[in-house]
file structure.cif (mmCIF, C-alpha atoms)
data_query
#
loop_
_atom_site.label_atom_id
_atom_site.label_comp_id
_atom_site.auth_asym_id
_atom_site.auth_seq_id
_atom_site.Cartn_x
_atom_site.Cartn_y
_atom_site.Cartn_z
CA MET Z 1 -17.87 -36.30 70.10
CA SER Z 2 -20.38 -36.05 67.25
CA VAL Z 3 -19.65 -34.19 64.03
CA VAL Z 4 -23.41 -34.04 63.36
CA PRO Z 5 -25.79 -32.22 65.71
CA ASP Z 6 -28.66 -34.43 66.90
CA VAL Z 7 -31.22 -31.78 65.96
CA PHE Z 8 -30.84 -29.18 63.24
CA SER Z 9 -33.00 -26.79 61.32
CA GLY Z 10 -32.88 -26.16 57.63
CA ARG Z 11 -34.98 -25.76 54.55
CA VAL Z 12 -36.31 -28.34 52.14
CA ALA Z 13 -34.07 -27.70 49.15
CA TRP Z 14 -35.87 -30.20 46.92
CA VAL Z 15 -38.59 -32.84 47.09
CA PHE Z 16 -38.03 -35.93 44.94
CA GLY Z 17 -40.71 -38.53 44.26
CA ASP Z 18 -40.62 -42.31 44.56
CA ASP Z 19 -37.89 -44.44 43.00
CA PHE Z 20 -35.54 -41.54 42.34
CA ASP Z 21 -32.11 -42.41 40.95
CA ILE Z 22 -29.71 -40.06 42.76
CA ASP Z 23 -27.29 -40.10 39.80
CA LEU Z 24 -29.75 -37.88 37.95
CA VAL Z 25 -28.94 -34.87 40.14
CA ILE Z 26 -25.62 -34.51 38.32
CA GLY Z 27 -26.48 -36.38 35.13
CA VAL Z 28 -25.33 -39.92 34.48
CA GLU Z 29 -22.62 -38.61 32.16
CA ASN Z 30 -20.93 -37.01 35.22
CA ILE Z 31 -20.85 -39.96 37.63
CA LYS Z 32 -17.13 -40.55 37.14
CA TYR Z 33 -16.13 -37.07 38.33
CA TYR Z 34 -15.09 -36.33 41.90
CA ASP Z 35 -13.86 -32.76 41.47
CA PRO Z 36 -16.13 -30.58 43.66
CA ASP Z 37 -16.08 -27.63 41.25
CA LYS Z 38 -17.07 -29.82 38.30
CA LEU Z 39 -19.83 -31.50 40.32
CA ARG Z 40 -21.17 -28.15 41.54
CA SER Z 41 -21.31 -26.90 37.95
CA VAL Z 42 -23.65 -29.75 36.93
CA LEU Z 43 -25.64 -30.10 40.17
CA MET Z 44 -29.39 -30.23 39.49
CA GLN Z 45 -29.01 -28.59 36.07
CA ALA Z 46 -31.77 -30.77 34.59
CA TYR Z 47 -34.19 -29.67 37.33
CA ASP Z 48 -33.27 -26.16 38.44
CA PRO Z 49 -30.23 -24.34 37.00
CA THR Z 50 -30.13 -22.01 40.04
CA PHE Z 51 -30.17 -24.85 42.62
CA ALA Z 52 -26.45 -24.67 43.45
CA ASP Z 53 -26.77 -20.93 44.09
CA ASP Z 54 -29.99 -21.22 46.13
CA VAL Z 55 -29.16 -24.12 48.44
CA GLN Z 56 -27.72 -23.15 51.83
CA PRO Z 57 -25.72 -25.03 54.45
CA GLY Z 58 -28.14 -27.03 56.59
CA ASP Z 59 -30.76 -27.55 53.88
CA VAL Z 60 -32.20 -31.05 53.46
CA ILE Z 61 -33.29 -33.17 50.53
CA VAL Z 62 -36.64 -34.97 50.81
CA GLY Z 63 -37.56 -38.07 48.87
CA GLY Z 64 -40.35 -40.56 48.50
CA ARG Z 65 -40.11 -44.33 48.67
CA ASN Z 66 -36.98 -46.18 47.52
CA PHE Z 67 -34.93 -42.99 47.33
CA GLY Z 68 -31.55 -43.42 45.65
CA TYR Z 69 -32.23 -46.64 43.78
CA GLY Z 70 -29.82 -47.72 41.05
CA HIS Z 71 -26.09 -48.15 41.25
CA PRO Z 72 -24.50 -46.70 44.39
CA HIS Z 73 -22.35 -43.97 42.87
CA TYR Z 74 -21.07 -41.29 45.24
CA PRO Z 75 -20.52 -38.15 43.10
CA ALA Z 76 -24.15 -36.98 43.23
CA MET Z 77 -24.23 -36.88 47.01
CA ILE Z 78 -20.69 -35.49 47.12
CA ALA Z 79 -22.06 -32.60 45.08
CA MET Z 80 -25.09 -32.24 47.38
CA ARG Z 81 -22.95 -32.27 50.53
CA ASN Z 82 -20.50 -29.78 49.02
CA ALA Z 83 -23.46 -27.50 48.24
CA GLY Z 84 -24.48 -27.59 51.91
CA VAL Z 85 -27.12 -30.33 52.05
CA ALA Z 86 -27.02 -31.61 55.64
CA ALA Z 87 -29.28 -34.68 55.45
CA VAL Z 88 -31.67 -36.72 53.37
CA VAL Z 89 -35.15 -37.38 54.72
CA ALA Z 90 -37.13 -39.93 52.73
CA GLU Z 91 -40.00 -42.34 53.12
CA SER Z 92 -37.57 -45.20 52.48
CA PHE Z 93 -34.14 -45.67 50.96
CA ALA Z 94 -32.72 -48.06 48.38
CA PRO Z 95 -30.29 -50.40 50.19
CA GLY Z 96 -27.21 -49.42 48.16
CA PHE Z 97 -27.83 -45.72 48.69
CA TRP Z 98 -28.49 -46.24 52.41
CA ARG Z 99 -25.28 -48.19 52.91
CA GLY Z 100 -23.11 -45.88 50.83
CA GLU Z 101 -24.35 -42.62 52.30
CA LEU Z 102 -24.44 -43.90 55.87
CA TYR Z 103 -20.77 -44.79 55.52
CA GLN Z 104 -20.09 -41.28 54.21
CA GLY Z 105 -21.61 -39.94 57.44
CA THR Z 106 -24.74 -38.42 55.91
CA PRO Z 107 -27.70 -38.35 58.30
CA LEU Z 108 -30.44 -40.42 56.67
CA VAL Z 109 -33.92 -40.18 58.18
CA SER Z 110 -36.74 -42.58 57.24
CA VAL Z 111 -40.11 -40.87 57.77
CA PRO Z 112 -43.26 -42.20 56.06
CA GLY Z 113 -45.41 -39.47 54.49
CA VAL Z 114 -42.70 -36.79 54.49
CA ALA Z 115 -42.70 -36.25 50.70
CA ASP Z 116 -46.37 -35.28 50.73
CA ALA Z 117 -46.10 -33.20 53.92
CA VAL Z 118 -43.46 -30.69 52.81
CA GLU Z 119 -42.99 -28.18 50.04
CA ARG Z 120 -39.79 -26.80 48.61
CA TRP Z 121 -38.19 -24.20 50.90
CA ASP Z 122 -40.30 -25.20 53.92
CA GLU Z 123 -38.40 -24.71 57.15
CA VAL Z 124 -37.99 -28.02 58.97
CA LEU Z 125 -36.57 -29.14 62.27
CA VAL Z 126 -34.94 -32.57 61.98
CA ASP Z 127 -34.04 -34.82 64.88
CA TRP Z 128 -32.23 -37.54 62.95
CA ARG Z 129 -31.64 -39.80 65.98
CA ALA Z 130 -35.36 -39.87 66.81
CA ALA Z 131 -36.38 -39.90 63.12
CA MET Z 132 -38.61 -36.89 63.73
CA VAL Z 133 -39.34 -34.01 61.37
CA SER Z 134 -41.24 -30.91 62.51
CA ILE Z 135 -42.78 -28.64 59.88
CA PRO Z 136 -43.57 -25.21 61.39
CA ARG Z 137 -45.63 -24.08 58.36
CA THR Z 138 -48.23 -26.77 59.05
CA GLY Z 139 -47.53 -27.62 62.68
CA GLN Z 140 -47.04 -31.27 61.72
CA VAL Z 141 -44.57 -33.52 63.47
CA LEU Z 142 -43.78 -36.70 61.54
CA THR Z 143 -42.02 -39.62 63.13
CA GLY Z 144 -40.34 -42.52 61.42
CA VAL Z 145 -38.09 -45.39 62.37
CA PRO Z 146 -35.07 -44.31 64.42
CA PRO Z 147 -31.71 -45.54 63.15
CA SER Z 148 -29.92 -48.48 64.73
CA GLN Z 149 -27.18 -47.83 67.28
CA HIS Z 150 -24.59 -48.76 64.65
CA ALA Z 151 -26.04 -46.21 62.18
CA ILE Z 152 -25.97 -43.58 64.96
CA ASP Z 153 -22.33 -44.40 65.75
CA VAL Z 154 -21.29 -44.17 62.08
CA THR Z 155 -23.15 -40.89 61.54
CA GLN Z 156 -21.85 -39.33 64.76
CA ALA Z 157 -18.31 -40.24 63.76
CA GLY Z 158 -18.71 -38.53 60.38
CA GLY Z 159 -18.56 -41.80 58.44
CA GLY Z 160 -17.43 -45.38 58.59
CA LEU Z 161 -13.72 -44.68 58.18
CA ASN Z 162 -13.75 -42.15 61.02
CA LEU Z 163 -15.59 -44.64 63.24
CA LEU Z 164 -12.97 -47.30 62.56
CA ARG Z 165 -10.19 -44.83 63.27
CA ARG Z 166 -11.84 -43.84 66.56
CA GLN Z 167 -12.32 -47.47 67.54
CA TYR Z 168 -8.72 -48.36 66.76
CA GLY Z 169 -7.03 -45.19 67.99
CA LYS Z 170 -6.11 -43.49 64.74
CA ALA Z 171 -6.64 -39.82 63.85
CA SER Z 172 -9.87 -38.74 62.21
CA ALA Z 173 -10.10 -38.83 58.40
#

call {"tool": "encode", "arguments": {"input": "structure.cif", "output": "structure tokens"}}
result
Amino acid sequence: MSVVPDVFSGRVAWVFGDDFDIDLVIGVENIKYYDPDKLRSVLMQAYDPTFADDVQPGDVIVGGRNFGYGHPHYPAMIAMRNAGVAAVVAESFAPGFWRGELYQGTPLVSVPGVADAVERWDEVLVDWRAAMVSIPRTGQVLTGVPPSQHAIDVTQAGGGLNLLRRQYGKASA
């Protein structure tokens, strides 16, 4: 049983450019916090003070090349997930970000050209298993590199710990 639907619709909550350090969405001074209320209070304050109020469950984040580079800290994406962000679609991901967020169960979709194809608040249809993004505003359908079977298994389980528990007969995390 998957905790993530294969295809979902949402809005583009934000479009980040190339080489974006994900820690900046909460501010580097907040990377040691894990409290959801604290993280929500600082989420995207440097970019859009109303972001946390405007984002809705199912929205996606879009990035350019090498999205999430830097140290693989988790609080920024904890804040994004708690705000309702369902997935990250980017042209490519930094290895540390990819590994860390995959093992948190976040659908990560690699689609070349996506950062230039969408605008903030565009409706999108995302098929994360096929690495396909449909943009109704323009009629474009972009396709990237589908995830490996292991990445699909981890994402469907809701993260690496849940996958291990399923494989070894323990309750879900």

call {"tool": "closest_residue", "arguments": {"input": "structure.cif", "among": "Z:Asn82, Z:Asp122, Z:Ala87, Z:Asp54", "to": "Gln140 in chain Z", "atoms": "all atoms listed in the file"}}
result
Z:Asp122

call {"tool": "closest_residue", "arguments": {"input": "structure.cif", "among": "Z:Thr155, Z:Asn162, Z:Gln149, Z:Gln167", "to": "Ala86 in chain Z", "atoms": "only C-alpha atoms"}}
result
Z:Thr155

call {"tool": "residues_near_point", "arguments": {"input": "structure.cif", "point": "(-33.8, -37.3, 67.7)", "cutoff": "12 Å", "atoms": "all atoms listed in the file", "output": "VMD selection string"}}
result
chain Z and resid 4 to 8 107 to 109 125 to 134 142 to 147 152

call {"tool": "residues_around", "arguments": {"input": "structure.cif", "residues": "range 28-31 of chain Z", "least_positions_apart": "6", "cutoff": "12 Å", "atoms": "all atoms listed in the file", "output": "number ranges by chain"}}
result
Z: 21-22, 38-46, 70-79

call {"tool": "residues_around", "arguments": {"input": "structure.cif", "residues": "range 103-105 of chain Z", "least_positions_apart": "4", "cutoff": "6 Å", "atoms": "all atoms listed in the file", "output": "ChimeraX atom specification"}}
result
/Z:155,158-160

call {"tool": "atom_distance", "arguments": {"input": "structure.cif", "atom1": "CA of Val118 in chain Z", "atom2": "CA of Gly63 in chain Z"}}
result
10.2 Å

call {"tool": "closest_residue", "arguments": {"input": "structure.cif", "among": "Z:Arg166, Z:Met80, Z:Ala115, Z:Asp35", "to": "Asp53 in chain Z", "atoms": "all atoms listed in the file"}}
result
Z:Met80

call {"tool": "atom_distance", "arguments": {"input": "structure.cif", "atom1": "CA of Gly27 in chain Z", "atom2": "CA of Phe97 in chain Z"}}
result
16.5 Å

call {"tool": "atom_distance", "arguments": {"input": "structure.cif", "atom1": "CA of Ala151 in chain Z", "atom2": "CA of Gly17 in chain Z"}}
result
24.4 Å

call {"tool": "residues_near_point", "arguments": {"input": "structure.cif", "point": "(-47.1, -28.9, 53.1)", "cutoff": "10 Å", "atoms": "all atoms listed in the file", "output": "number ranges by chain"}}
result
Z: 114-120, 122, 135-140

call {"tool": "write_last_selection", "arguments": {"input": "structure.cif", "atoms": "C-alpha atoms", "output": "mmCIF file, in the coordinates of the input"}}
result
data_model
loop_
_atom_site.group_PDB
_atom_site.id
_atom_site.type_symbol
_atom_site.label_atom_id
_atom_site.label_comp_id
_atom_site.auth_asym_id
_atom_site.auth_seq_id
_atom_site.Cartn_x
_atom_site.Cartn_y
_atom_site.Cartn_z
ATOM 1 C CA VAL Z 114 -42.700 -36.790 54.490
ATOM 2 C CA ALA Z 115 -42.700 -36.250 50.700
ATOM 3 C CA ASP Z 116 -46.370 -35.280 50.730
ATOM 4 C CA ALA Z 117 -46.100 -33.200 53.920
ATOM 5 C CA VAL Z 118 -43.460 -30.690 52.810
ATOM 6 C CA GLU Z 119 -42.990 -28.180 50.040
ATOM 7 C CA ARG Z 120 -39.790 -26.800 48.610
ATOM 8 C CA ASP Z 122 -40.300 -25.200 53.920
ATOM 9 C CA ILE Z 135 -42.780 -28.640 59.880
ATOM 10 C CA PRO Z 136 -43.570 -25.210 61.390
ATOM 11 C CA ARG Z 137 -45.630 -24.080 58.360
ATOM 12 C CA THR Z 138 -48.230 -26.770 59.050
ATOM 13 C CA GLY Z 139 -47.530 -27.620 62.680
ATOM 14 C CA GLN Z 140 -47.040 -31.270 61.720
#

call {"tool": "residues_around", "arguments": {"input": "structure.cif", "residues": "Ser92 in chain Z", "least_positions_apart": "4", "cutoff": "10 Å", "atoms": "all atoms listed in the file", "output": "PyMOL selection string"}}
result
chain Z and resi 18-19+63-68+98+108-113+144-145

call {"tool": "axis_aligned_box", "arguments": {"input": "structure.cif", "around": "range 53-57 of chain Z", "padding_each_side": "3 Å", "output": "lines of an AutoDock Vina configuration file"}}
result
center_x = -27.9
center_y = -23.0
center_z = 49.3
size_x = 10.3
size_y = 10.1
size_z = 16.4

call {"tool": "closest_residue", "arguments": {"input": "structure.cif", "among": "Z:Tyr34, Z:Val141, Z:Leu163, Z:Phe16", "to": "Tyr47 in chain Z", "atoms": "all atoms listed in the file"}}
result
Z:Phe16

call {"tool": "build_atoms", "arguments": {"input": "structure.cif", "residues": "range 71-85 of chain Z", "atoms": "N, CA and C atoms", "output": "mmCIF file, keeping the file's coordinate frame"}}
result
data_model
loop_
_atom_site.group_PDB
_atom_site.id
_atom_site.type_symbol
_atom_site.label_atom_id
_atom_site.label_comp_id
_atom_site.auth_asym_id
_atom_site.auth_seq_id
_atom_site.Cartn_x
_atom_site.Cartn_y
_atom_site.Cartn_z
ATOM 1 N N HIS Z 71 -27.452 -47.824 40.838
ATOM 2 C CA HIS Z 71 -26.090 -48.150 41.250
ATOM 3 C C HIS Z 71 -25.638 -47.153 42.314
ATOM 4 N N PRO Z 72 -24.923 -47.611 43.325
ATOM 5 C CA PRO Z 72 -24.500 -46.700 44.390
ATOM 6 C C PRO Z 72 -23.255 -45.898 44.023
ATOM 7 N N HIS Z 73 -23.441 -44.886 43.190
ATOM 8 C CA HIS Z 73 -22.350 -43.970 42.870
ATOM 9 C C HIS Z 73 -22.345 -42.838 43.888
ATOM 10 N N TYR Z 74 -21.183 -42.316 44.200
ATOM 11 C CA TYR Z 74 -21.070 -41.290 45.240
ATOM 12 C C TYR Z 74 -21.045 -39.851 44.745
ATOM 13 N N PRO Z 75 -20.662 -39.557 43.502
ATOM 14 C CA PRO Z 75 -20.520 -38.150 43.100
ATOM 15 C C PRO Z 75 -21.761 -37.286 43.290
ATOM 16 N N ALA Z 76 -22.948 -37.809 43.080
ATOM 17 C CA ALA Z 76 -24.150 -36.980 43.230
ATOM 18 C C ALA Z 76 -24.293 -36.469 44.656
ATOM 19 N N MET Z 77 -24.108 -37.328 45.628
ATOM 20 C CA MET Z 77 -24.230 -36.880 47.010
ATOM 21 C C MET Z 77 -22.997 -36.098 47.458
ATOM 22 N N ILE Z 78 -21.844 -36.352 46.854
ATOM 23 C CA ILE Z 78 -20.690 -35.490 47.120
ATOM 24 C C ILE Z 78 -21.043 -34.071 46.714
ATOM 25 N N ALA Z 79 -21.656 -33.919 45.550
ATOM 26 C CA ALA Z 79 -22.060 -32.600 45.080
ATOM 27 C C ALA Z 79 -23.092 -31.975 46.018
ATOM 28 N N MET Z 80 -24.068 -32.761 46.466
ATOM 29 C CA MET Z 80 -25.090 -32.240 47.380
ATOM 30 C C MET Z 80 -24.463 -31.801 48.704
ATOM 31 N N ARG Z 81 -23.601 -32.635 49.263
ATOM 32 C CA ARG Z 81 -22.950 -32.270 50.530
ATOM 33 C C ARG Z 81 -22.089 -31.030 50.358
ATOM 34 N N ASN Z 82 -21.351 -30.947 49.256
ATOM 35 C CA ASN Z 82 -20.500 -29.780 49.020
ATOM 36 C C ASN Z 82 -21.321 -28.508 48.835
ATOM 37 N N ALA Z 83 -22.563 -28.656 48.390
ATOM 38 C CA ALA Z 83 -23.460 -27.500 48.240
ATOM 39 C C ALA Z 83 -24.102 -27.103 49.565
ATOM 40 N N GLY Z 84 -23.946 -27.930 50.598
ATOM 41 C CA GLY Z 84 -24.480 -27.590 51.910
ATOM 42 C C GLY Z 84 -25.598 -28.479 52.419
ATOM 43 N N VAL Z 85 -26.032 -29.448 51.619
ATOM 44 C CA VAL Z 85 -27.120 -30.330 52.050
ATOM 45 C C VAL Z 85 -26.644 -31.119 53.272
#
